[in-house]
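Peer 1: To be precise about what I am sending: the file is called protein.csv and holds CSV, C-alpha atoms (C1' of nucleotides).
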```
chain,number,residue,atom,x,y,z
A,275,MET,CA,0.0,0.0,0.0
A,276,PHE,CA,1.3,3.4,-1.0
A,277,ALA,CA,0.7,7.0,-0.1
A,278,LEU,CA,1.7,9.9,-2.4
A,279,VAL,CA,2.3,13.2,-0.6
A,280,ASP,CA,2.4,16.2,-2.9
A,281,GLY,CA,3.1,19.8,-2.1
A,282,ASN,CA,0.4,22.0,-3.6
A,283,ASN,CA,1.6,24.5,-6.2
A,284,PHE,CA,5.0,23.9,-4.6
A,285,TYR,CA,7.2,26.7,-5.9
A,286,ALA,CA,4.4,29.3,-5.4
A,287,SER,CA,3.8,28.0,-1.9
A,288,CYS,CA,7.5,28.3,-1.0
A,289,GLU,CA,7.5,31.9,-2.1
A,290,GLN,CA,4.3,32.5,0.0
A,291,VAL,CA,5.9,31.0,3.1
A,292,PHE,CA,8.7,33.6,3.0
A,293,GLN,CA,6.8,36.6,1.6
A,294,PRO,CA,3.5,36.7,3.4
A,295,GLN,CA,2.3,39.6,1.3
A,296,LEU,CA,2.1,37.2,-1.6
A,297,ARG,CA,-0.5,35.0,0.1
A,298,LYS,CA,-3.5,37.0,-0.8
A,299,THR,CA,-2.8,37.8,-4.4
A,300,PRO,CA,-2.5,35.8,-7.6
A,301,LEU,CA,1.1,34.6,-7.9
A,302,VAL,CA,3.2,32.9,-10.6
A,303,VAL,CA,6.8,31.7,-10.4
A,304,LEU,CA,8.8,32.3,-13.6
A,305,SER,CA,11.4,30.1,-15.4
A,306,ASN,CA,15.0,31.0,-16.0
A,307,ASN,CA,15.2,34.2,-18.0
A,308,ASP,CA,11.7,35.0,-16.6
A,309,GLY,CA,10.4,33.4,-19.8
A,310,CYS,CA,7.3,31.6,-18.7
A,311,ALA,CA,5.1,30.5,-15.8
A,312,ILE,CA,6.3,27.3,-14.1
A,313,ALA,CA,4.1,27.5,-11.0
A,314,ARG,CA,0.8,29.2,-10.2
A,315,CYS,CA,-1.0,29.6,-6.9
A,316,ALA,CA,-4.7,28.7,-6.8
A,317,GLN,CA,-5.8,32.3,-7.5
A,318,ALA,CA,-3.5,32.5,-10.6
A,319,LYS,CA,-4.9,29.2,-11.8
A,320,ALA,CA,-8.4,30.6,-11.3
A,321,LEU,CA,-7.5,33.5,-13.6
A,322,GLY,CA,-6.9,31.0,-16.3
A,323,ILE,CA,-3.1,31.3,-16.4
A,324,ARG,CA,-1.6,28.2,-18.0
A,325,MET,CA,1.4,26.2,-17.1
A,326,GLY,CA,4.2,27.4,-19.4
A,327,GLN,CA,2.4,30.5,-20.5
A,328,PRO,CA,4.9,33.2,-21.7
A,329,ALA,CA,5.5,36.0,-19.2
A,330,HIS,CA,4.9,38.7,-21.8
A,331,GLU,CA,1.3,37.5,-22.1
A,332,LEU,CA,0.8,38.1,-18.4
A,333,LYS,CA,1.7,41.8,-18.3
A,334,ASP,CA,-2.0,42.7,-18.5
A,335,TYR,CA,-2.8,40.6,-15.4
A,336,ILE,CA,-0.6,42.7,-13.2
A,337,SER,CA,-2.7,45.9,-13.6
A,338,ARG,CA,-6.0,44.1,-14.0
A,339,PHE,CA,-5.8,41.5,-11.3
A,340,GLY,CA,-2.8,42.4,-9.1
A,341,LEU,CA,-0.9,39.4,-10.4
A,342,LYS,CA,2.6,39.1,-8.8
A,343,MET,CA,5.5,37.4,-10.6
A,344,ARG,CA,8.6,36.1,-9.0
A,345,SER,CA,11.8,34.7,-10.5
A,346,ALA,CA,12.4,31.1,-9.6
A,347,ASN,CA,14.7,30.4,-6.6
A,348,PHE,CA,15.5,26.7,-7.0
A,349,THR,CA,17.9,26.7,-4.1
A,350,LEU,CA,15.1,27.8,-1.8
A,351,TYR,CA,12.7,25.2,-3.2
A,352,GLY,CA,15.3,22.5,-2.7
A,353,ASP,CA,15.8,23.4,0.9
A,354,MET,CA,12.1,23.5,1.5
A,355,SER,CA,11.8,20.1,-0.2
A,356,ASP,CA,14.4,18.7,2.2
A,357,ARG,CA,12.5,19.9,5.2
A,358,VAL,CA,9.3,18.3,4.0
A,359,VAL,CA,11.0,15.0,3.3
A,360,SER,CA,12.6,15.0,6.8
A,361,ILE,CA,9.2,15.4,8.3
A,362,LEU,CA,7.8,12.6,6.2
A,363,ARG,CA,10.6,10.4,7.4
A,364,THR,CA,9.4,10.7,10.9
A,365,PHE,CA,6.2,8.9,9.8
A,366,THR,CA,8.0,6.1,7.9
A,367,PRO,CA,11.5,5.3,6.9
A,368,ARG,CA,10.2,3.5,3.8
A,369,LEU,CA,10.0,6.4,1.5
A,370,GLU,CA,10.9,7.4,-2.1
A,371,VAL,CA,11.6,11.0,-2.9
A,372,TYR,CA,10.0,11.0,-6.4
A,373,SER,CA,10.5,14.7,-7.3
A,374,ILE,CA,11.1,18.0,-5.6
A,375,ASP,CA,7.5,18.2,-4.3
A,376,GLU,CA,6.4,14.5,-4.2
A,377,SER,CA,7.2,11.5,-2.1
A,378,PHE,CA,5.8,8.0,-2.1
A,379,LEU,CA,5.5,6.4,1.3
A,380,ASP,CA,5.1,2.6,1.9
A,381,LEU,CA,2.1,2.2,4.1
A,382,SER,CA,2.1,-1.6,4.2
A,383,GLY,CA,0.9,-2.8,7.5
A,384,VAL,CA,-0.7,0.5,8.5
A,385,SER,CA,-4.3,0.0,9.5
A,386,ASN,CA,-5.5,3.6,10.3
A,387,ARG,CA,-4.3,5.0,7.0
A,388,LEU,CA,-6.7,7.8,6.6
A,389,GLU,CA,-5.9,9.1,10.1
A,390,LEU,CA,-2.2,8.9,9.4
A,391,ALA,CA,-2.6,10.8,6.1
A,392,GLN,CA,-4.5,13.5,7.9
A,393,ASP,CA,-1.8,13.7,10.4
A,394,ILE,CA,0.9,14.0,7.8
A,395,ARG,CA,-0.9,16.7,5.9
A,396,TYR,CA,-1.4,18.7,9.1
A,397,THR,CA,2.1,18.3,10.4
A,398,VAL,CA,3.8,19.2,7.1
A,399,ASN,CA,1.7,22.4,6.9
A,400,GLN,CA,2.2,23.3,10.5
A,401,TRP,CA,6.0,22.9,10.5
A,402,THR,CA,6.8,24.2,7.0
A,403,GLY,CA,3.9,26.3,5.9
A,404,ILE,CA,3.6,24.2,2.7
A,405,PRO,CA,0.1,22.8,2.0
A,406,CYS,CA,-0.1,19.3,0.7
A,407,CYS,CA,-2.4,16.6,-0.4
A,408,VAL,CA,-2.2,12.8,0.3
A,409,GLY,CA,-3.5,10.0,-2.0
A,410,ILE,CA,-3.5,6.4,-0.9
A,411,GLY,CA,-3.8,3.3,-3.1
A,412,PRO,CA,-2.5,-0.3,-3.5
A,413,THR,CA,-0.3,0.7,-6.4
A,414,LYS,CA,1.7,3.9,-7.1
A,415,THR,CA,-0.5,4.7,-10.1
A,416,LEU,CA,-3.6,4.5,-7.9
A,417,ALA,CA,-1.9,6.6,-5.2
A,418,LYS,CA,-1.2,9.2,-7.8
A,419,LEU,CA,-4.8,9.0,-9.0
A,420,ALA,CA,-6.1,9.4,-5.4
A,421,ASN,CA,-3.7,12.3,-4.8
A,422,LYS,CA,-5.0,14.1,-7.9
A,423,TRP,CA,-8.6,13.6,-6.8
A,424,ALA,CA,-7.7,14.7,-3.3
A,425,LYS,CA,-6.7,18.2,-4.6
A,426,LYS,CA,-10.3,19.0,-5.3
A,427,HIS,CA,-11.9,16.7,-2.7
A,428,GLY,CA,-10.7,17.4,0.8
A,429,GLY,CA,-7.0,17.0,0.6
A,430,VAL,CA,-6.9,13.3,1.5
A,431,ILE,CA,-8.3,10.3,-0.4
A,432,ASP,CA,-7.9,6.6,0.3
A,433,ALA,CA,-8.4,4.7,-2.9
A,434,SER,CA,-7.7,1.4,-1.3
A,435,ASP,CA,-11.5,1.4,-0.6
A,436,ARG,CA,-12.9,-0.4,-3.7
A,437,GLY,CA,-16.2,1.3,-3.7
A,438,LEU,CA,-14.8,4.8,-3.5
A,439,ARG,CA,-12.1,3.9,-6.1
A,440,ALA,CA,-14.7,2.7,-8.6
A,441,GLU,CA,-16.7,5.9,-8.1
A,442,ILE,CA,-13.6,8.1,-8.8
A,443,MET,CA,-12.3,6.1,-11.7
A,444,ALA,CA,-15.6,6.3,-13.5
A,445,GLN,CA,-15.2,10.1,-13.6
A,446,PHE,CA,-11.4,10.3,-13.9
A,447,PRO,CA,-10.2,11.4,-17.3
A,448,VAL,CA,-7.5,9.3,-18.9
A,449,GLU,CA,-5.5,12.4,-19.6
A,450,ASP,CA,-5.0,13.0,-15.9
A,451,LEU,CA,-3.5,9.5,-15.3
A,452,TRP,CA,0.1,9.1,-14.3
A,453,GLY,CA,1.8,7.8,-17.5
A,454,VAL,CA,-0.7,9.1,-19.9
A,455,GLY,CA,0.4,12.3,-21.7
A,456,ARG,CA,-1.3,14.4,-24.3
A,457,LYS,CA,-0.5,12.2,-27.3
A,458,TRP,CA,-1.7,9.0,-25.7
A,459,ALA,CA,-4.7,10.6,-24.1
A,460,ALA,CA,-5.9,11.6,-27.6
A,461,LYS,CA,-5.2,8.2,-29.0
A,462,LEU,CA,-7.1,6.5,-26.1
A,463,GLU,CA,-10.0,8.8,-26.5
A,464,GLY,CA,-10.0,8.1,-30.2
A,465,MET,CA,-10.5,4.4,-29.3
A,466,GLY,CA,-13.4,5.3,-27.0
A,467,ILE,CA,-11.4,5.0,-23.8
A,468,GLU,CA,-12.0,8.2,-21.9
A,469,THR,CA,-11.9,7.3,-18.2
A,470,ALA,CA,-9.6,5.4,-15.9
A,471,GLN,CA,-12.4,2.9,-15.5
A,472,ALA,CA,-12.6,2.4,-19.3
A,473,LEU,CA,-8.9,1.8,-19.4
A,474,VAL,CA,-9.1,-0.8,-16.7
A,475,GLU,CA,-11.8,-2.6,-18.7
A,476,ALA,CA,-10.1,-2.4,-22.1
A,477,ASP,CA,-8.6,-5.5,-23.8
A,478,PRO,CA,-5.0,-5.8,-22.5
A,479,ALA,CA,-3.8,-7.3,-25.8
A,480,LEU,CA,-5.2,-4.2,-27.6
A,481,ILE,CA,-3.5,-1.9,-25.1
A,482,LEU,CA,-0.2,-3.7,-25.5
A,483,GLN,CA,-0.4,-3.7,-29.2
A,484,HIS,CA,-1.2,0.0,-29.6
A,485,PHE,CA,0.8,1.5,-26.8
A,486,GLY,CA,3.5,-0.9,-25.7
A,487,VAL,CA,4.6,-2.3,-22.4
A,488,VAL,CA,4.5,1.0,-20.5
A,489,MET,CA,0.8,1.5,-20.9
A,490,ALA,CA,0.1,-2.2,-20.3
A,491,ARG,CA,1.8,-1.6,-16.9
A,492,THR,CA,-0.3,1.4,-16.2
A,493,GLN,CA,-3.4,-0.6,-16.9
A,494,LYS,CA,-2.3,-3.4,-14.5
A,495,GLU,CA,-1.5,-0.8,-11.8
A,496,LEU,CA,-5.0,0.7,-12.2
A,497,GLN,CA,-6.4,-2.8,-11.7
A,498,GLY,CA,-4.6,-2.8,-8.3
A,499,LYS,CA,-1.7,-5.1,-9.4
A,500,PRO,CA,1.6,-3.5,-8.4
A,501,CYS,CA,4.1,-3.3,-11.2
A,502,ILE,CA,6.2,-0.3,-10.0
A,503,ALA,CA,8.2,-0.8,-6.8
A,504,LEU,CA,9.1,1.8,-4.2
A,505,GLU,CA,12.7,3.0,-5.0
A,506,GLU,CA,14.1,4.1,-1.7
A,507,ALA,CA,17.7,4.7,-2.9
A,508,GLU,CA,18.1,7.2,-5.7
A,509,PRO,CA,19.7,5.6,-8.7
A,510,ASP,CA,22.9,7.2,-10.1
A,511,ARG,CA,22.2,9.7,-12.9
A,512,LYS,CA,22.8,8.4,-16.4
A,513,GLN,CA,23.2,11.8,-17.8
A,514,ILE,CA,23.5,15.3,-16.4
A,515,ILE,CA,22.3,18.2,-18.7
A,516,VAL,CA,22.9,21.9,-18.3
A,517,SER,CA,21.2,24.0,-20.9
A,518,ARG,CA,19.6,27.4,-21.3
A,519,SER,CA,17.7,29.4,-23.8
A,520,PHE,CA,19.3,32.7,-24.8
A,521,GLY,CA,17.1,35.6,-23.8
A,522,GLN,CA,17.4,37.2,-27.2
A,523,ARG,CA,18.4,36.3,-30.7
A,524,ILE,CA,22.1,35.9,-31.1
A,525,GLU,CA,24.2,35.7,-34.2
A,526,ASP,CA,27.7,35.3,-32.9
A,527,PRO,CA,28.9,31.7,-32.7
A,528,GLY,CA,31.4,32.8,-30.1
A,529,LEU,CA,28.6,33.4,-27.7
A,530,VAL,CA,27.4,29.9,-28.2
A,531,GLY,CA,30.9,28.6,-27.4
A,532,GLU,CA,31.1,30.7,-24.2
A,533,ALA,CA,27.7,29.5,-23.1
A,534,ALA,CA,28.7,25.9,-23.8
A,535,ALA,CA,31.9,26.3,-21.7
A,536,THR,CA,29.9,27.7,-18.8
A,537,PHE,CA,27.3,24.9,-19.0
A,538,ALA,CA,30.0,22.2,-19.2
A,539,THR,CA,31.8,23.7,-16.1
A,540,ARG,CA,28.5,23.6,-14.2
A,541,ALA,CA,27.7,20.1,-15.4
A,542,CYS,CA,31.1,18.9,-14.1
A,543,GLU,CA,30.4,20.5,-10.7
A,544,LYS,CA,27.1,18.6,-10.5
A,545,LEU,CA,28.9,15.4,-11.6
A,546,ARG,CA,31.5,15.7,-8.9
A,547,GLN,CA,28.9,16.5,-6.3
A,548,ARG,CA,27.3,13.2,-7.0
A,549,GLY,CA,30.6,11.4,-6.9
A,550,LEU,CA,30.3,10.4,-10.6
A,551,VAL,CA,32.5,10.5,-13.6
A,552,ALA,CA,31.5,11.1,-17.3
A,553,SER,CA,32.3,8.5,-19.9
A,554,GLY,CA,31.2,10.8,-22.7
A,555,VAL,CA,30.2,14.3,-23.6
A,556,TRP,CA,27.3,15.5,-25.7
A,557,VAL,CA,26.8,19.0,-27.0
A,558,PHE,CA,23.6,20.2,-28.7
A,559,ALA,CA,22.2,23.5,-29.9
A,560,GLN,CA,18.8,24.6,-31.3
A,561,THR,CA,17.6,27.5,-33.2
A,562,ASP,CA,14.6,29.4,-32.0
A,563,GLY,CA,11.7,27.0,-32.7
A,564,PHE,CA,9.1,29.7,-32.3
A,565,ARG,CA,10.4,31.4,-35.5
A,566,LEU,CA,8.4,29.4,-37.9
A,567,ASP,CA,9.5,31.7,-40.7
A,568,LEU,CA,13.2,30.8,-40.4
A,569,PRO,CA,15.0,27.6,-41.2
A,570,GLN,CA,15.7,25.5,-38.1
A,571,HIS,CA,18.8,23.7,-37.1
A,572,TYR,CA,19.4,21.2,-34.3
A,573,PRO,CA,23.1,20.3,-34.5
A,574,SER,CA,24.5,17.9,-32.0
A,575,ARG,CA,27.7,16.0,-31.5
A,576,ALA,CA,28.8,13.4,-29.0
A,577,VAL,CA,32.1,11.8,-28.2
A,578,ALA,CA,33.3,9.1,-25.8
A,579,LEU,CA,36.0,10.2,-23.5
A,580,PRO,CA,39.2,8.1,-23.6
A,581,GLN,CA,38.8,7.6,-19.9
A,582,ALA,CA,35.8,8.5,-17.7
A,583,THR,CA,36.5,11.7,-15.8
A,584,GLY,CA,35.1,14.5,-13.7
A,585,ASP,CA,37.9,16.9,-14.6
A,586,THR,CA,36.4,20.1,-16.0
A,587,ARG,CA,39.5,20.7,-18.1
A,588,LEU,CA,39.2,17.4,-20.0
A,589,VAL,CA,35.5,17.9,-20.5
A,590,LEU,CA,36.0,21.4,-21.8
A,591,GLU,CA,38.6,20.2,-24.2
A,592,ALA,CA,36.1,17.7,-25.6
A,593,VAL,CA,33.4,20.3,-25.7
A,594,ARG,CA,35.6,22.6,-27.8
A,595,GLY,CA,36.4,19.9,-30.2
A,596,LEU,CA,32.7,19.0,-30.6
A,597,LEU,CA,31.7,22.7,-31.1
A,598,ARG,CA,34.2,23.2,-33.9
A,599,GLY,CA,32.7,20.7,-36.2
A,600,MET,CA,29.1,21.5,-35.1
A,601,LEU,CA,29.0,25.2,-35.5
A,602,ARG,CA,31.0,25.3,-38.7
A,603,LYS,CA,28.3,23.2,-40.3
A,604,VAL,CA,25.5,25.4,-39.1
A,605,ILE,CA,27.2,28.6,-40.2
A,606,ASN,CA,27.8,27.1,-43.6
A,607,CYS,CA,24.2,26.0,-43.8
A,608,ILE,CA,23.0,29.5,-42.9
A,609,ASP,CA,25.4,31.2,-45.3
A,610,SER,CA,24.2,29.1,-48.2
A,611,LYS,CA,20.6,30.2,-47.8
B,235,DT,C1',8.3,-16.9,-55.4
B,236,DC,C1',11.9,-18.2,-52.7
B,237,DT,C1',17.3,-13.9,-50.6
B,238,DG,C1',19.7,-17.4,-43.2
B,239,DG,C1',19.2,-16.4,-38.6
B,240,DG,C1',20.5,-14.6,-34.7
B,241,DG,C1',22.9,-11.6,-31.5
B,242,DT,C1',24.7,-6.9,-29.9
B,243,DC,C1',25.6,-2.2,-30.2
B,244,DC,C1',24.5,2.4,-31.5
B,245,DT,C1',21.6,6.2,-32.8
B,246,DA,C1',17.5,8.8,-33.4
B,247,DG,C1',13.1,9.7,-32.2
B,248,DG,C1',9.0,9.5,-29.5
B,249,DA,C1',6.6,9.0,-25.5
B,250,DC,C1',6.3,10.1,-20.7
B,251,DC,C1',7.5,12.5,-15.9
B,252,DC,C1',8.3,16.8,-12.7
C,195,DT,C1',10.8,42.0,-28.0
C,196,DC,C1',9.4,38.5,-25.0
C,197,DT,C1',7.8,31.2,-25.0
C,198,DG,C1',12.0,26.4,-19.0
C,199,DG,C1',15.2,23.0,-17.7
C,200,DG,C1',15.8,19.1,-16.3
C,201,DG,C1',15.2,13.7,-16.5
C,202,DT,C1',13.6,8.4,-17.8
C,203,DC,C1',12.4,4.5,-20.7
C,204,DC,C1',11.0,2.1,-25.0
C,205,DT,C1',11.3,1.1,-30.0
C,206,DA,C1',12.9,0.8,-34.6
C,207,DG,C1',16.4,0.5,-37.8
C,208,DG,C1',21.1,0.1,-39.4
C,209,DA,C1',25.9,-1.7,-38.9
C,210,DC,C1',28.4,-5.3,-37.8
C,211,DC,C1',29.5,-10.0,-36.1
C,212,DC,C1',29.5,-15.1,-36.4
```
What's the structure tokens form of this structure?
Peer 2:
Amino acid sequence: MFALVDGNNFYASCEQVFQPQLRKTPLVVLSNNDGCAIARCAQAKALGIRMGQPAHELKDYISRFGLKMRSANFTLYGDMSDRVVSILRTFTPRLEVYSIDESFLDLSGVSNRLELAQDIRYTVNQWTGIPCCVGIGPTKTLAKLANKWAKKHGGVIDASDRGLRAEIMAQFPVEDLWGVGRKWAAKLEGMGIETAQALVEADPALILQHFGVVMARTQKELQGKPCIALEEAEPDRKQIIVSRSFGQRIEDPGLVGEAAATFATRACEKLRQRGLVASGVWVFAQTDGFRLDLPQHYPSRAVALPQATGDTRLVLEAVRGLLRGMLRKVINCIDSK
DNA sequence: TCTGGGGTCCTAGGACCC
DNA sequence: TCTGGGGTCCTAGGACCC
């Protein structure tokens, strides 16, 4: 049995904890470069502000609705996340930190689950100021479903109760399921499968054939058969990426090189922090995909290092080598147009 | 008409997650 | 003028090997 504890509007809630004047107004947290909204408080959501909506489209909301915008402070959110997790650990040591604002708890053997969930919710909020919701289910996918439902239905849902679960699943859109994104939701709906309940009842062979093993697993999990285990230890990263969009259009390849060197340096820091070494280096660049009127380029190059390393100098050397071939090609391509 | 049959590795692309 | 930054896994196809 699993519980999923999820901080509500996590980044926005973190800002509100430290800036009480933000608690009564619509608030969005912006991405790097202040480009777009990556978190919205409840009031901002109620205004119809979308996840990922460009900041420049929100200017109007400032004067019309008193919208506040804040640049993201990921260090702060990381610290708050650690505090929440340490509180959760006082309830059970069997815990998986799934993301910065979500943890799965193993509730096997717990009989008074609903009571425990209420207690967790109350304690996290009292000690950190972060509001959260708790969903309970016999599989991780069902705990996710319960958690999503809890957000609009009282903050805590125990979907291990079969009656309640059936009631929720009959109304639960497939597009809101964990493991079903936009593309697959559209395809499922095209096949007449619109709710979690409909997916549970669909022919497993058909699901496997049209969507593959991942969706087949989701279907089983929805049936209450666990396929995804709790991962208490965080696995080592297989790749570490540092990338940024440029705030404005740039034409000087030298700037791309400088940026790549900065990102590679940062990536090596992250690598060493985790006690890892890199066996290869990958560099990519992209032209502005929003400029539909211009030709697009997505050059990338990868190279295996002769010996795995965390040494910034060696990685930088590799990056420079990759960039030489990569950018020359793009520049020639642009020049020939 | 019929073209061997596997295995492994690599890459690219597509789907998903937060 | 202005549109994020990370990650994972799966699949298909080609190269290469025996």
Peer 1: Any idea what's packed within 12 Å of DG208 (chain C), counting only C-alpha atoms (C1' of nucleotides), ignoring anything in its chain fewer than 3 positions away? Could you give it as number ranges by chain?
Peer 2: B: 243-246
Peer 1: What does the distance between CA of Glu441 (chain A) and CA of Ala417 (chain A) come to in Å, to one decimal place?
Peer 2: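 Taking CA of Glu441 (chain A) as the start and CA of Ala417 (chain A) as the end point, the length is 15.1 Å.
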Peer 1: Give me, as an NGL selection string, the residues of chain A touching chain C, with the criterion being at most 10 Å (counting all atoms listed in the file).
Peer 2: :A and (304-312 or 326-331 or 486-488 or 511-519 or 521-523 or 562-564)
Peer 1: Got a sec: who's within 12 Å of Ala479 (chain A), counting only C-alpha atoms (C1' of nucleotides), leaving out chain neighbours fewer than 3 positions off, as an NGL selection string?
Peer 2: :A and (475-476 or 482-487 or 489-491 or 493)
Peer 1: Just give me the gap between CA of Glu370 (chain A) and CA of Val358 (chain A) in Å, one decimal is fine.
Peer 2: 12.6 Å
Peer 1: Which protein, DNA or RNA residues have an atom at most 10 Å from (-6.5, 16.5, -1.1), counting all atoms listed in the file? List them as JSON, numbers by chain.
Peer 2: {"A": [279, 280, 282, 391, 392, 395, 405, 406, 407, 408, 409, 420, 421, 422, 423, 424, 425, 426, 427, 428, 429, 430, 431]}
Peer 1: For CA of Leu473 (chain A) and CA of Gly383 (chain A), quote the distance in Å rounded to one decimal.
Peer 2: 29.0 Å
Peer 1: Find the residues near region 537-539 of chain A: any atom within 10 Å, counting all atoms listed in the file, skip ones fewer than 5 places away on the same chain, and give them as a PyMOL selection string.
Peer 2: chain A and resi 514-518+531-532+544-545+555-557+585-587+589-590+592-593
Peer 1: Please produce a file of the residues just selected, as a compact mmCIF listing (two decimals), in the frame of the given file, where the atoms kept are C-alpha atoms.
Peer 2:
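Done, and the output landed in out-v4.txt:
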```
# COMPACT_ATOMS: atom_id res chain seq x y z
CA ILE A 514 23.50 15.30 -16.40
CA ILE A 515 22.30 18.20 -18.70
CA VAL A 516 22.90 21.90 -18.30
CA SER A 517 21.20 24.00 -20.90
CA ARG A 518 19.60 27.40 -21.30
CA GLY A 531 30.90 28.60 -27.40
CA GLU A 532 31.10 30.70 -24.20
CA LYS A 544 27.10 18.60 -10.50
CA LEU A 545 28.90 15.40 -11.60
CA VAL A 555 30.20 14.30 -23.60
CA TRP A 556 27.30 15.50 -25.70
CA VAL A 557 26.80 19.00 -27.00
CA ASP A 585 37.90 16.90 -14.60
CA THR A 586 36.40 20.10 -16.00
CA ARG A 587 39.50 20.70 -18.10
CA VAL A 589 35.50 17.90 -20.50
CA LEU A 590 36.00 21.40 -21.80
CA ALA A 592 36.10 17.70 -25.60
CA VAL A 593 33.40 20.30 -25.70
```
